[in-house]
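Peer 1: Have a look at the structure that comes next, please.
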Amino acid sequence: MSAAQSVTGALGWALLHFVWQGALVGCATALLLTALRNARPERRYLVACLGLLLCLAWPLAELVLALRSGPDAVRAGAALPALAAGAVVGGAAGMLSWLQAHLDWIVGLWALCSAALALRMALGLLWIGRAGRAECADPVWQARLSRMAQRFGLGRDVRLRVVDSLASPITAGWWRPVVLVPAALVAGMPPHLLEALLAHELGHVRRHDYLVNLVQNVIETLLFYHPAVWWISHRIRIEREQIADDYAARQLGEPRRLALALSELERLQFSGHHLAQAANGGDLMARIRRLLRPDVQALNWKAALPVLGLAVACAANAHRLNSAGSTDRLVAAGVPGELTRKAVADFSSCAKPQYPHEELMAGHHGTTTLRFQVSAGGDVLDARVARSSGYASLDEAARAAILKCHFVPALKQGRAVQSWVPVQYVWTFK
């Protein structure tokens with residue numbers, strides 16, 4: 001296997017595994033945010049940021065570990081984890097085989113979509129940079145913004161630029177922050193209300209929110225296919241706007257003035273630029289109500305129960321995978337209609353099947369179908385090849401591995417009995 005194939009295999013399975021990993025992170029984040037629904041927005045913001053970072057760190061760590069294992073490990077096991085833990089049967093084996101056979105296409109499609117989103121982000125950054133370098137068309141408002149920044153204790157100069165193509169103020173830049181203000185607001189909004197919106201933008205400058213938002217966009221670009229990433233990122237923006245609202249209200253001493261400014265802003269067309277912080281982020285009406293009448297949020301159990309159920313299901317699945325010592329399952333099937341419980345493998349007792357070196361080097365692959373007999377005590381008494389992979393050494397490796405497993409025996413009318421169990425070992429790699 002070439003280095004490029006090893007990277008493709010490791011990257012492809014890291015992306016696929018993130019489907020369940022992202023669901024688990026999303027459920028855990030949702031439960032924590034629900035528990036903190038009446039806490040300060042800074043706490044919810046921190047939880048959401050940590051959840052989004054975990055969405056990136058988990059598949060990244062898996063990718064690094066897979067690449068460090070070397071090409072042989074990727075070839076023999078990373079592409080189809082069932083080879084490392086035991087076996088799979090029926091549709092699961094077919095699905096894993098299909099995914100393995102199409103990893104190149106999966107990774108290619110992911111790369112294409114990520115490149116398109118990255119291009120969109122780059123164009124947004126270029127637009128913001130060009131707007132930030134324009135001449136300030138209103139020195140009066142620049143002076144007012146500078147005085148506000150000094151009064152709020154900001155140690156940096158904050159530039160102001162008036163832009164025709166915006167509908168609401170946005171903040172960009174970290175080292176040299178700039179606030180882009182729509183020309184329509186400067187001309188049509190009462191000065192004391194526009195000042196309230198600028199105070200909100202200075203809250204973003206003080207907290208360096210532009211950098212966090214940039215990281216959000218990078219994660220959204222890489223993991224665009226998972227809804228949990230977009231949901232967590234959306235929650236980060238909601239909490240960020242609430243934090244900036246609180247900051248502006250404290251500095252102004254008039255929450256009502258900021259609420260009036262937001263209600264005026266609601267009449268304008270919202271900006272589509274998400275690479276910078278904008279005063280119109282989140283639900284404007286919800287933010288206005290929060291400023292005017294902050295109240296305790298009751299727990300909506302009807303909304304929380306589906307999230308809780310999904311979280312329990314994901315956690316149970318993760319526990320089952322971890323108890324197997326791998327990311328796969330061994331499914332044992334008994335005789336339908338006769339057994340009250342099928343034989344179940346004790347995964348910790350199963351030996352990892354070893355891909356025969358000579359078959360690995362020759363590029364041989366296939367599926368070995370076994371039938372093995374589990375005793376009433378849980379031991380494997382016999383294992384037979386029901387359908388050969390086409391290579392005797394692969395068949396023998398599968399048979400040797402299953403003989404070392406220990407099972408919880410099948411039950412018939414409450415009594416442990418012997419049973420025959422079918423299983424497939426899928427030997428495949430790219």
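Labels used: A, B, ... for chains in the order of the structure tokens, numbers from 1 for residues in each chain, and numbers from 1 for ligands as shown.
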Find the residues around stretch 355-372 of chain A up to 8 Å (only C-alpha atoms counted), leave out those fewer than 5 positions away in its own chain, and share them as number ranges by chain.

Peer 2: A: 76, 380-391, 393-395, 397-399, 420-429

Peer 1: Neighbours of A:Arg290 within 12 Å (only C-alpha atoms; same-chain residues fewer than 2 positions away dropped), as a VMD selection string?

Peer 2: chain A and resid 38 41 241 to 243 245 to 246 249 255 to 256 258 to 259 262 283 to 288 292 to 297

Peer 1: Using only C-alpha atoms, which protein or nucleic acid residues come within 7 Å of stretch 136-145 of chain A? Drop anything in the same chain fewer than 4 positions from it, and give the result as a list in words.

Peer 2: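 Contacts, with the query itself left out: Ala149, Arg159, Leu160, Arg161 and Val162 of chain A.
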
Peer 1: Using only C-alpha atoms, pick whichever of A:Val47, A:Val229, A:Leu180, A:Ala401 has the shortest atom-to-atom distance to A:Leu33.

Peer 2: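 Of A:Val47, A:Val229, A:Leu180, A:Ala401, the one nearest A:Leu33, counting only C-alpha atoms, is A:Val47.
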
Peer 1: With only C-alpha atoms as the basis for distance, which of A:Arg40, A:His102, A:His226, A:Arg235 is at the shortest distance from A:Val19?

Peer 2: A:His226

Peer 1: Skip A:Thr8 itself and residues of its chain fewer than 4 positions away, then list as a PyMOL selection string all residues within 8 Å of it, counting only C-alpha atoms.

Peer 2: chain A and resi 4+12+103-104+107

Peer 1: Pick out the residues sitting within 10 Å of A:Leu32, and hand them over as a ChimeraX atom specification; count only C-alpha atoms, and ignore anything fewer than 6 positions along from it in its own chain.

Peer 2: /A:26,44,47-48,51

Peer 1: Between atom CA of A:Ile219 and atom CA of A:Leu112, what is the spacing in Å?

Peer 2: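 Distance between the two atoms: 15.5 Å.
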